[in-house]
Each structure stands twice: as C-alpha cells, then as structure tokens.
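K.L.:
Enclosed is the structure file final.txt (compact mmCIF, C-alpha atoms).
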# COMPACT_ATOMS: atom_id res chain seq x y z
CA MET L 23 -81.26 -38.15 75.03
CA LYS L 24 -78.13 -37.01 76.86
CA VAL L 25 -78.56 -35.55 80.36
CA LEU L 26 -76.23 -33.99 82.90
CA VAL L 27 -77.26 -34.19 86.55
CA ILE L 28 -75.55 -31.74 88.90
CA ASN L 29 -76.31 -32.55 92.50
CA CYS L 30 -74.86 -32.25 95.96
CA VAL L 31 -76.02 -35.28 97.95
CA SER L 32 -78.80 -37.41 96.45
CA ASP L 33 -81.61 -38.78 98.59
CA LYS L 34 -83.17 -42.20 98.10
CA CYS L 35 -85.96 -40.83 95.89
CA GLU L 36 -83.51 -39.03 93.60
CA ILE L 37 -81.33 -42.13 93.24
CA GLY L 38 -84.45 -44.11 92.35
CA LEU L 39 -85.30 -41.48 89.72
CA TYR L 40 -81.84 -41.64 88.18
CA LYS L 41 -81.88 -45.44 88.08
CA GLY L 42 -85.30 -45.34 86.42
CA LEU L 43 -84.16 -42.85 83.78
CA LEU L 44 -81.02 -44.88 83.09
CA ASN L 45 -83.18 -47.99 82.67
CA LYS L 46 -85.24 -46.07 80.10
CA GLY L 47 -82.10 -45.71 78.02
CA ILE L 48 -81.23 -42.09 78.83
CA ASP L 49 -77.51 -41.38 78.64
CA ILE L 50 -76.71 -39.60 81.92
CA ASP L 51 -73.53 -38.01 83.25
CA PHE L 52 -73.42 -37.13 86.94
CA ILE L 53 -71.50 -34.52 88.88
CA LEU L 54 -71.87 -35.44 92.54
CA ASP L 55 -70.66 -34.22 95.91
CA PRO L 56 -67.81 -36.14 97.61
CA GLN L 57 -70.28 -37.16 100.34
CA ASP L 58 -72.73 -38.71 97.89
CA SER L 59 -72.68 -42.50 98.36
CA SER L 60 -74.43 -43.38 95.09
CA LYS L 61 -71.36 -43.21 92.81
CA GLU L 62 -70.69 -46.94 92.52
CA GLU L 63 -74.36 -47.82 92.17
CA LEU L 64 -74.85 -45.34 89.32
CA GLU L 65 -71.63 -46.40 87.60
CA SER L 66 -72.78 -50.02 87.72
CA LEU L 67 -75.73 -48.95 85.56
CA GLY L 68 -73.47 -47.43 82.93
CA ALA L 69 -73.46 -43.81 84.07
CA ARG L 70 -70.36 -41.61 84.09
CA VAL L 71 -69.79 -39.98 87.47
CA GLU L 72 -67.45 -37.14 88.41
CA ILE L 73 -66.99 -35.82 91.92
CA LEU L 74 -67.05 -32.09 92.62
CA GLU L 75 -67.29 -30.24 95.90
CA ILE L 76 -69.56 -27.21 95.51
CA LYS L 77 -68.94 -24.99 98.51
CA ASN L 78 -71.52 -22.29 97.79
CA ARG L 79 -73.45 -20.45 95.08
CA ALA L 80 -70.39 -18.36 94.17
CA ASP L 81 -67.80 -21.14 94.03
CA LEU L 82 -65.62 -20.02 91.07
CA LYS L 83 -63.69 -23.28 90.93
CA ALA L 84 -66.92 -25.25 90.68
CA TYR L 85 -68.27 -22.81 88.09
CA SER L 86 -65.20 -23.29 85.88
CA PHE L 87 -65.52 -27.07 86.20
CA LEU L 88 -69.20 -27.00 85.22
CA LYS L 89 -68.65 -24.54 82.39
CA GLU L 90 -65.96 -26.72 80.87
CA ARG L 91 -68.17 -29.83 80.99
CA ILE L 92 -71.23 -28.08 79.56
CA VAL L 93 -69.31 -26.44 76.70
CA LYS L 94 -67.42 -29.65 75.92
CA THR L 95 -70.46 -31.95 75.80
CA PRO L 96 -73.73 -31.21 73.93
CA TYR L 97 -76.24 -32.14 76.64
CA ASP L 98 -79.94 -32.11 75.79
CA VAL L 99 -80.98 -31.51 79.40
CA ILE L 100 -79.12 -30.19 82.43
CA PHE L 101 -80.86 -31.13 85.69
CA ALA L 102 -79.86 -29.12 88.79
CA PRO L 103 -82.17 -30.26 91.61
CA THR L 104 -80.26 -28.74 94.54
CA SER L 105 -80.51 -25.07 95.52
CA ARG L 106 -76.76 -24.67 95.98
CA VAL L 107 -76.00 -25.56 92.37
CA ILE L 108 -78.76 -23.65 90.56
CA THR L 109 -76.95 -20.30 90.38
CA LEU L 110 -73.79 -21.98 89.10
CA ALA L 111 -75.76 -24.00 86.53
CA VAL L 112 -77.58 -20.89 85.30
CA GLN L 113 -74.31 -19.06 84.75
CA ALA L 114 -72.44 -22.02 83.27
CA ALA L 115 -75.27 -22.74 80.82
CA LYS L 116 -75.48 -19.21 79.39
CA LYS L 117 -75.73 -19.25 75.60
CA ILE L 118 -75.83 -23.07 75.70
CA PRO L 119 -78.85 -24.65 73.94
CA SER L 120 -79.34 -27.36 76.62
CA LYS L 121 -82.67 -27.29 78.46
CA LEU L 122 -82.12 -26.37 82.12
CA VAL L 123 -84.38 -27.98 84.73
CA THR L 124 -84.41 -27.31 88.48
CA TYR L 125 -86.39 -28.52 91.49
CA ARG L 126 -88.22 -26.75 94.32
CA GLY L 127 -89.66 -28.52 97.35
CA THR L 128 -90.65 -25.73 99.76
CA LEU L 129 -92.57 -22.48 99.89
CA GLY L 130 -91.11 -19.12 100.85
CA ASN L 131 -87.70 -17.41 100.73
CA LEU L 132 -87.99 -16.24 97.11
CA SER L 133 -88.53 -12.66 96.00
CA ARG L 134 -88.32 -10.71 92.75
CA LEU L 135 -86.45 -8.08 94.77
CA SER L 136 -83.77 -10.55 95.85
CA ILE L 137 -80.60 -10.82 93.77
CA VAL L 138 -80.11 -14.37 95.05
CA SER L 139 -83.59 -15.36 93.86
CA ARG L 140 -83.14 -13.66 90.48
CA PHE L 141 -79.99 -15.70 89.89
CA ALA L 142 -81.65 -18.93 90.98
CA HIS L 143 -85.25 -20.09 90.53
CA LEU L 144 -86.42 -16.75 89.11
CA HIS L 145 -83.76 -16.63 86.40
CA PRO L 146 -85.21 -16.65 82.85
CA ARG L 147 -82.51 -19.09 81.69
CA ILE L 148 -84.33 -21.90 83.51
CA ASP L 149 -86.62 -23.80 81.15
CA SER L 150 -88.60 -25.72 83.75
CA ILE L 151 -88.93 -25.98 87.52
CA ILE L 152 -90.22 -29.23 89.00
CA ALA L 153 -92.43 -28.37 92.00
CA ASN L 154 -93.09 -31.22 94.39
CA SER L 155 -96.70 -30.10 94.96
CA ASP L 156 -99.34 -27.79 93.56
CA ALA L 157 -98.82 -25.61 96.63
CA VAL L 158 -95.18 -25.05 95.69
CA LYS L 159 -96.15 -24.55 92.04
CA ASN L 160 -98.70 -21.90 93.01
CA TYR L 161 -96.16 -20.18 95.23
CA LEU L 162 -93.60 -20.05 92.42
CA SER L 163 -96.25 -18.58 90.14
CA SER L 164 -97.05 -15.94 92.78
CA VAL L 165 -93.44 -14.70 92.77
CA GLY L 166 -93.34 -14.34 89.01
CA VAL L 167 -92.35 -17.66 87.48
CA PRO L 168 -94.36 -18.12 84.23
CA SER L 169 -96.81 -21.01 84.42
CA GLU L 170 -95.36 -22.63 81.29
CA ARG L 171 -92.10 -23.11 83.16
CA LEU L 172 -93.73 -25.00 86.04
CA ALA L 173 -94.50 -28.70 86.44
CA THR L 174 -95.91 -30.46 89.51
CA ILE L 175 -94.11 -33.77 90.04
CA SER L 176 -93.97 -35.30 93.51
CA LYS L 177 -91.07 -37.56 94.39
CA GLY L 178 -91.70 -41.27 94.16
CA HIS L 179 -91.27 -44.02 96.72
CA ASP L 180 -90.74 -47.77 96.53
CA PRO L 181 -92.44 -49.77 99.34
CA ALA L 182 -89.58 -52.29 99.12
CA TRP L 183 -87.27 -49.67 100.64
CA TYR L 184 -89.17 -49.84 103.91
CA SER L 185 -90.29 -53.48 104.21
CA GLU L 186 -87.08 -54.79 105.81
CA ILE L 187 -86.55 -51.93 108.28
CA PRO L 188 -86.98 -53.33 111.81
CA PRO L 189 -89.02 -51.35 114.36
CA ALA L 190 -87.00 -49.95 117.24
CA ASP L 191 -87.46 -51.18 120.80
CA LEU L 192 -88.92 -48.03 122.32
CA GLN L 193 -89.31 -49.58 125.74
CA GLN L 194 -85.66 -50.53 126.03
CA GLU L 195 -84.28 -47.18 124.87
CA PHE L 196 -86.85 -44.65 126.08
CA GLY L 197 -88.78 -46.55 128.72
CA ILE L 198 -91.99 -46.26 126.73
CA PRO L 199 -94.42 -48.96 127.97
CA LYS L 200 -95.52 -51.52 125.42
CA ASP L 201 -99.17 -50.59 126.03
CA ALA L 202 -98.50 -46.90 125.37
CA ILE L 203 -99.46 -45.01 122.22
CA THR L 204 -96.43 -43.39 120.60
CA VAL L 205 -96.84 -40.25 118.51
CA SER L 206 -93.78 -39.38 116.43
CA CYS L 207 -92.63 -36.32 114.54
CA LEU L 208 -89.61 -36.82 112.28
CA ALA L 209 -88.31 -33.43 111.15
CA ASN L 210 -85.53 -30.92 111.27
CA ILE L 211 -86.87 -29.38 114.46
CA ARG L 212 -87.24 -25.69 113.63
CA PRO L 213 -89.91 -23.13 114.54
CA LEU L 214 -91.73 -23.59 111.24
CA LYS L 215 -92.43 -27.24 112.11
CA GLY L 216 -94.86 -26.22 114.87
CA ILE L 217 -93.46 -28.49 117.59
CA ASP L 218 -94.59 -26.02 120.23
CA ILE L 219 -98.15 -26.44 118.92
CA LEU L 220 -97.80 -30.22 119.24
CA LEU L 221 -96.56 -29.97 122.84
CA LYS L 222 -99.40 -27.65 123.83
CA ALA L 223 -101.90 -30.00 122.17
CA ALA L 224 -100.34 -32.97 123.97
CA ALA L 225 -100.98 -31.29 127.30
CA ASN L 226 -104.70 -31.19 126.43
CA VAL L 227 -105.04 -34.84 125.38
CA SER L 228 -106.76 -37.25 127.75
CA ALA L 229 -106.71 -41.01 127.24
CA SER L 230 -106.97 -44.26 129.18
CA VAL L 231 -103.49 -45.37 128.07
CA PRO L 232 -100.08 -43.70 128.39
CA ILE L 233 -99.17 -41.44 125.46
CA HIS L 234 -95.57 -40.72 124.56
CA TYR L 235 -94.26 -38.22 122.03
CA LEU L 236 -91.09 -39.01 120.09
CA LEU L 237 -89.47 -35.96 118.47
CA ILE L 238 -86.89 -37.23 116.02
CA GLY L 239 -84.46 -34.76 114.48
CA ASP L 240 -81.67 -32.31 115.17
CA LYS L 241 -81.78 -31.51 118.86
CA PRO L 242 -83.41 -28.12 119.50
CA ASP L 243 -82.34 -25.46 121.94
CA ASP L 244 -83.77 -25.53 125.45
CA SER L 245 -87.00 -23.73 124.58
CA LEU L 246 -88.98 -26.83 123.60
CA PRO L 247 -87.79 -29.06 126.49
CA ASN L 248 -88.50 -26.13 128.81
CA LEU L 249 -92.00 -25.82 127.35
CA ALA L 250 -92.63 -29.54 127.90
CA ASN L 251 -91.46 -29.11 131.50
CA ASP L 252 -93.58 -25.99 132.08
CA ILE L 253 -96.79 -27.69 130.93
CA GLY L 254 -96.07 -30.89 132.86
CA ILE L 255 -95.51 -33.45 130.07
CA GLU L 256 -91.72 -33.72 130.15
CA LYS L 257 -91.79 -37.39 131.25
CA ASN L 258 -93.73 -38.34 128.13
CA VAL L 259 -91.74 -36.31 125.60
CA HIS L 260 -88.51 -37.69 124.15
CA PHE L 261 -86.12 -35.55 122.10
CA THR L 262 -83.94 -38.06 120.26
CA GLY L 263 -81.67 -35.70 118.33
CA PHE L 264 -80.40 -36.76 114.92
CA ARG L 265 -80.70 -40.52 114.42
CA LYS L 266 -79.37 -42.70 111.63
CA ASP L 267 -82.06 -45.21 112.60
CA ALA L 268 -84.83 -42.61 112.41
CA LEU L 269 -87.00 -44.86 110.23
CA SER L 270 -86.82 -47.66 112.80
CA LEU L 271 -88.13 -45.22 115.41
CA LEU L 272 -90.83 -44.09 113.00
CA LYS L 273 -91.87 -47.67 112.22
CA ALA L 274 -92.33 -48.41 115.92
CA SER L 275 -94.81 -45.54 116.27
CA ASP L 276 -98.59 -45.67 116.26
CA ILE L 277 -99.22 -42.17 114.89
CA THR L 278 -97.08 -39.59 113.12
CA THR L 279 -97.64 -35.88 112.92
CA MET L 280 -96.37 -32.82 111.06
CA PRO L 281 -97.96 -29.70 112.60
CA SER L 282 -96.08 -27.26 110.37
CA VAL L 283 -97.05 -23.59 110.51
CA ARG L 284 -95.53 -22.35 107.23
CA ARG L 285 -93.44 -23.14 104.11
CA GLU L 286 -94.10 -26.90 103.97
CA GLY L 287 -93.86 -28.80 100.70
CA VAL L 288 -94.29 -32.59 100.70
CA PRO L 289 -92.19 -33.85 103.62
CA ARG L 290 -90.56 -37.20 103.07
CA ALA L 291 -91.24 -38.27 106.67
CA ILE L 292 -94.99 -38.34 106.05
CA ALA L 293 -94.54 -40.38 102.86
CA GLU L 294 -92.35 -42.78 104.87
CA SER L 295 -95.10 -43.07 107.50
CA MET L 296 -97.55 -43.91 104.73
CA ALA L 297 -95.18 -46.61 103.49
CA PHE L 298 -95.24 -48.15 106.98
CA GLY L 299 -99.04 -47.99 107.10
CA ILE L 300 -99.00 -45.45 109.94
CA PRO L 301 -101.72 -42.77 109.99
CA SER L 302 -100.62 -39.14 110.12
CA ILE L 303 -102.04 -35.91 111.49
CA VAL L 304 -100.85 -32.90 109.51
CA SER L 305 -101.63 -29.21 109.29
CA ASN L 306 -103.26 -27.65 106.25
CA ILE L 307 -100.02 -25.99 105.16
CA GLY L 308 -98.41 -26.19 101.72
CA GLY L 309 -98.40 -29.62 100.13
CA LEU L 310 -99.37 -31.58 103.25
CA PRO L 311 -103.09 -31.84 102.32
CA GLU L 312 -102.02 -33.08 98.87
CA LEU L 313 -100.25 -35.99 100.54
CA VAL L 314 -102.72 -36.73 103.34
CA SER L 315 -106.41 -36.86 102.47
CA ASP L 316 -108.45 -35.80 105.52
CA GLY L 317 -110.54 -38.64 106.93
CA GLU L 318 -109.31 -41.08 104.28
CA THR L 319 -105.57 -41.58 104.77
CA GLY L 320 -105.05 -39.44 107.88
CA LEU L 321 -106.32 -36.26 109.49
CA VAL L 322 -105.73 -32.64 108.45
CA VAL L 323 -106.10 -29.82 110.98
CA PRO L 324 -105.81 -26.02 110.76
CA ALA L 325 -102.28 -24.75 111.34
CA LYS L 326 -101.52 -23.32 114.81
CA ASP L 327 -104.83 -24.69 116.15
CA VAL L 328 -103.91 -26.38 119.44
CA ASP L 329 -107.46 -27.55 120.18
CA ALA L 330 -107.96 -29.06 116.72
CA LEU L 331 -104.66 -30.93 116.93
CA ALA L 332 -105.51 -32.22 120.42
CA SER L 333 -108.92 -33.38 119.19
CA ALA L 334 -107.35 -35.20 116.21
CA LEU L 335 -104.82 -36.88 118.49
CA GLU L 336 -107.56 -38.07 120.83
CA LYS L 337 -109.59 -39.38 117.91
CA LEU L 338 -106.76 -41.62 116.72
CA ILE L 339 -105.53 -42.56 120.18
CA GLN L 340 -108.97 -43.80 121.21
CA SER L 341 -109.56 -45.99 118.14
CA LYS L 342 -107.17 -48.76 117.13
CA GLU L 343 -109.55 -49.62 114.31
CA LEU L 344 -109.41 -46.08 112.90
CA ARG L 345 -105.63 -46.05 113.08
CA ALA L 346 -105.51 -49.35 111.20
CA SER L 347 -107.97 -48.32 108.48
CA LEU L 348 -106.35 -44.92 107.85
CA GLY L 349 -102.88 -46.49 107.88
CA LYS L 350 -103.90 -49.12 105.35
CA ALA L 351 -105.44 -46.49 103.07
CA ALA L 352 -102.33 -44.32 103.42
CA LYS L 353 -100.08 -47.15 102.27
CA GLU L 354 -102.35 -47.85 99.30
CA ARG L 355 -102.34 -44.16 98.36
CA LEU L 356 -98.55 -44.04 98.41
CA VAL L 357 -98.33 -47.09 96.15
CA ASN L 358 -101.01 -45.87 93.74
CA SER L 359 -100.21 -42.14 93.55
CA PHE L 360 -96.59 -41.65 94.65
CA SER L 361 -94.81 -44.65 93.19
CA MET L 362 -91.34 -44.56 91.71
CA ASP L 363 -92.73 -45.62 88.31
CA ILE L 364 -95.03 -42.58 88.27
CA TYR L 365 -92.19 -40.27 89.32
CA VAL L 366 -89.78 -41.57 86.67
CA GLY L 367 -92.46 -41.47 83.98
CA LYS L 368 -93.44 -37.87 84.67
CA VAL L 369 -89.84 -36.60 84.69
CA TYR L 370 -89.10 -38.54 81.51
CA GLU L 371 -92.16 -37.04 79.78
CA LEU L 372 -91.15 -33.56 80.94
CA PHE L 373 -87.69 -33.95 79.42
CA LEU L 374 -89.19 -35.16 76.12
CA GLU L 375 -91.66 -32.27 76.09
CA LEU L 376 -88.86 -29.73 76.67
CA LEU L 377 -86.81 -31.16 73.82
CA SER L 378 -89.75 -30.84 71.44
CA SER L 379 -90.22 -27.15 72.19
CA PRO L 380 -88.03 -24.23 71.12
CA ARG L 381 -86.41 -21.94 73.70
Once you've parsed the file, please lay out its structure as structure tokens.

P.N.:
Amino acid sequence: MKVLVINCVSDKCEIGLYKGLLNKGIDIDFILDPQDSSKEELESLGARVEILEIKNRADLKAYSFLKERIVKTPYDVIFAPTSRVITLAVQAAKKIPSKLVTYRGTLGNLSRLSIVSRFAHLHPRIDSIIANSDAVKNYLSSVGVPSERLATISKGHDPAWYSEIPPADLQQEFGIPKDAITVSCLANIRPLKGIDILLKAAANVSASVPIHYLLIGDKPDDSLPNLANDIGIEKNVHFTGFRKDALSLLKASDITTMPSVRREGVPRAIAESMAFGIPSIVSNIGGLPELVSDGETGLVVPAKDVDALASALEKLIQSKELRASLGKAAKERLVNSFSMDIYVGKVYELFLELLSSPR
C-alpha cells in the first residue's frame, strides 16, 4: 500500500500513527509544513518527506505542488488530516483513483449552504472522514455526510510519553501552598470552553483546604480576570498564558476540568490528564462523555450548570480517596481503550477496507 500524507504540523498522536503505519510496512510519502519537527524522525523510518508551506485553502502554489505529486505517483490513499489542506487535496485529487481520507475533531462550523464546507468535508470526492468521536460522526451525518463515508477512530496515546514529564513546582511559581488542591484547565481559552462557568462554580465551592485554579492556555482578554476579581476569587485563579511546559503544570494538579459549552470533540488535554492518573470533571458536550465515564473515570456534569460543576468540584476536593480511585481508573481506560496500537490498527483497517471497495 502506498500512502501520501499531507499535513501542516503533526501532533504527537499523529506522529505515533505514522510511525505505527510505517512499521506495518506501508510505504508513506509525507508533505509537511516547514514548522513540523518530525521530518528527521520519519525519514529515519524510511519515509520520504517533502516540505511545503500551505498558506491557506486557496494557495495556488501549494495546489500546483500537490497536483504534480498526485499525478506523478499512483498513491492508493491520500490522507489529509488538517482542515487547511482538505480543499487543496480535494481539487488536486480530481479524476485521480486514489482514496481520499480526511479527519474531523470538532463539532460545528459546517453547513451545506457554505461554499467552504462544500469544498472541504462535505465534498463528494472524499471517500472517508475519520471522526474522533461518535458525537463528531453524528454531527457530520446531520449536515449531510453519508454514513458509509464516516468512521469513528479516536486518537491514540502512549503512556510512555508522559511517564518522564516532571511535575511543576506550583508553590515556587504561583505561590500555591503545598496543602492546596489545584484544579487545572488546559485549553485554548475561548468562550466555547466555558471558563466563565468554571469561575462562577469556583466562587460557590467551600472546602477546608485552599483551592487554586490554574488556567493554562493562550491568555484571554480582560473579561475573565475581571470576572474572577468581581466574584472575589482572583487570588486563587492563575492565568498562565501559553506554556511550553503545560504538561508539567497539568501533572502537578489534583483535578482537571473541561467545562465546554459547545463544539467539543475529544480534547487531548483530558486524555493527557488520564495518562497522569488525574481525575477530570467535564461537561456533557460532544465527545467528552465518550472519554470520561461518569462516576467511573471522572465526573460528567450538564453544560452551563454552575451548581452542578460546583458540586462535582466539592465532591472531588473533599475526598482524596475518590480522586485516587477515579484517577487510577482513568489511566487504565486510556491504556485499554485509547492506546496507540488500537489507533494504528483501526486506521490501517480503514485503509484496507477502502482499497477493497470501488469508488
């Protein structure tokens, strides 16, 4: 099987997928963004890697480059997992017999009335879309993607990636007491993440120990810090901004949360928390309940429900034993249900299935 992967910047899960497919004997060519750091690693496994900057969906120079490669080489499968490249891949692969596979990790922002959508995920040239959860798969179906073109495959994780990451010293950097409970949220801090709900819930939490909230991600505008100040919890809320050592901050936490209010798929930060054995509190949005099983590996609360989130926080804050048992179960669930071997195997089987079926 000969595969072309067209990507912008690969994350750790995608690199693990590519390494797994290469180890299965698939012949893979890669077209990667100049900022992608995986070039040497993939080449060491026998892959051919070319670098291409794709500026946007209408990049004519990139289109010409892709068209030349696709026409020149008879690929069995073309895998375009990044939104920016899908439109270009669809156009470059016109009248080419290769199977075209894309990836979708979030809900929302697609419409049959949108030209952009019709030339991306909703284009009939696409043979299969990998959805990272059933929630995303169902959403794609609701906007008109035929069910036979949809496959639910969640990204895989390797516990070894996380075992050697040291926990950050939260006391030294943020002044968080060692006897405090730290609740973290690692996310691109946008309105859909429900951080305002978390802050309002935090104001309603009572406990016998100090509680600190660590918000890790691109620094927001003043609205959230102002909210923390208005409700009197500003001394216990820490906005870190973007951090290269985000996982060290996460590992030092006692609880993680993702109180999203819409469009959520399967956020990597919650999977990373599971790898560290940290229990999570998540909302019942999108693929979050598929990752966190309520009462077994964490707690699931209704979206936008401040009281329910506050109650869940208190429940975990008050019981070290519950945090430990849920965290242990979460780590086991990640290993058993979201491993890299499972991820690689499902993608490999999908490619084989596509090659055995006519267009």

K.L.:
Can you check which parts of range 199-302 of chain L lie within 10 Å of range 152-158 of chain L? Per residue, the shortest pair of atoms and distance in Å to one decimal, counting only C-alpha atoms, sorted by chain and number, as a tab-separated table.

P.N.:
residue	atom	partner	partner_atom	distance
L:Arg285	CA	L:Val158	CA	8.8
L:Glu286	CA	L:Val158	CA	8.6
L:Gly287	CA	L:Val158	CA	6.4
L:Val288	CA	L:Asn154	CA	6.6
L:Pro289	CA	L:Asn154	CA	9.6

K.L.:
Show which residues sit within 8 Å of range 235-239 of chain L, as a list in words. Count all atoms listed in the file, and ignore same-chain residues fewer than 4 positions away.

P.N.:
Thr204, Val205, Ser206, Cys207, Leu208, Ala209, Asn210, Ile211, Asn258, Val259, His260, Phe261, Thr262, Gly263, Phe264, Arg265 and Ala268 of chain L

K.L.:
Do a neighbour search on Leu74 in chain L at 10 Å with all atoms listed in the file, toss out local chain neighbours closer than 3 positions, and write the hits as a VMD selection string.

P.N.:
chain L and resid 28 to 30 52 to 57 71 77 83 to 84 87 to 88

K.L.:
Nearest residue to Ile137 in chain L out of L:Ala223, L:Leu162, L:Thr109, L:Leu310, using only C-alpha atoms?

P.N.:
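Closest residue, counting only C-alpha atoms: L:Thr109.
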
K.L.:
Write out as a ChimeraX atom specification which residues come within 10 Å of range 180-185 of chain L when counting only C-alpha atoms, dropping same-chain ones fewer than 4 positions away.

P.N.:
/L:34-35,38,269-270,273,294-298,353,356-357,360-363

K.L.:
Please produce a file of the residues just selected, as a short mmCIF file (atom, residue, chain, number, x, y, z; two decimals), in the frame of the given file, where the atoms kept are C-alpha atoms.

P.N.:
data_model
loop_
_atom_site.label_atom_id
_atom_site.label_comp_id
_atom_site.auth_asym_id
_atom_site.auth_seq_id
_atom_site.Cartn_x
_atom_site.Cartn_y
_atom_site.Cartn_z
CA LYS L 34 -83.17 -42.20 98.10
CA CYS L 35 -85.96 -40.83 95.89
CA GLY L 38 -84.45 -44.11 92.35
CA LEU L 269 -87.00 -44.86 110.23
CA SER L 270 -86.82 -47.66 112.80
CA LYS L 273 -91.87 -47.67 112.22
CA GLU L 294 -92.35 -42.78 104.87
CA SER L 295 -95.10 -43.07 107.50
CA MET L 296 -97.55 -43.91 104.73
CA ALA L 297 -95.18 -46.61 103.49
CA PHE L 298 -95.24 -48.15 106.98
CA LYS L 353 -100.08 -47.15 102.27
CA LEU L 356 -98.55 -44.04 98.41
CA VAL L 357 -98.33 -47.09 96.15
CA PHE L 360 -96.59 -41.65 94.65
CA SER L 361 -94.81 -44.65 93.19
CA MET L 362 -91.34 -44.56 91.71
CA ASP L 363 -92.73 -45.62 88.31
#

K.L.:
Using only C-alpha atoms, which of L:Lys350, L:Arg140, L:Lys342, L:Arg212 sits nearest Gly299 in chain L?

P.N.:
L:Lys350

K.L.:
Name all residues at most 9 Å from Ser59 in chain L (count all atoms listed in the file; drop same-chain ones fewer than 4 positions away) and give them as a VMD selection string.

P.N.:
chain L and resid 31 to 32 55 63

K.L.:
Can you work out which one of L:Asp218, L:Asp33, L:Asp98, L:Asp49 has the shortest atom-to-atom distance to Leu331 in chain L, counting all atoms listed in the file?

P.N.:
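That would be L:Asp218, the residue with the smallest distance to Leu331 in chain L.
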
K.L.:
Could you work out how far CA of Ile233 in chain L lies from CA of Asn251 in chain L, giving the answer in Å with one decimal?

P.N.:
15.7 Å

K.L.:
Please put the answer as JSON: centre and edge lengths, in Å with one decimal, of a box along x, y and z that encloses all listed atoms of range 36-42 of chain L plus 5 Å on each side.

P.N.:
{"center_x": -83.3, "center_y": -42.2, "center_z": 90.0, "size_x": 14.0, "size_y": 16.4, "size_z": 17.2}

K.L.:
Taking 6 positions as the minimum chain separation for residues in the same chain, which residues sit within 10 Å of Lys159 in chain L when counting all atoms listed in the file? Answer as a ChimeraX atom specification.

P.N.:
/L:126-129,151-153,167,169,171-175,287,309

K.L.:
So, counting all atoms listed in the file, which residue among L:Asp191, L:Asp329, L:Asp252, L:Glu375 is closest to Glu170 in chain L?

P.N.:
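Under the stated criterion, the closest residue is L:Glu375.
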
K.L.:
Provide the CA of Gly178 in chain L to CA of Tyr365 in chain L distance in Å, to one decimal place.

P.N.:
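Taking CA of Gly178 in chain L and CA of Tyr365 in chain L, their separation equals 5.0 Å.
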
K.L.:
For a test of reading the model, state the distance in Å between CA of Arg79 in chain L and CA of Val25 in chain L, rounded to one decimal.

P.N.:
21.7 Å
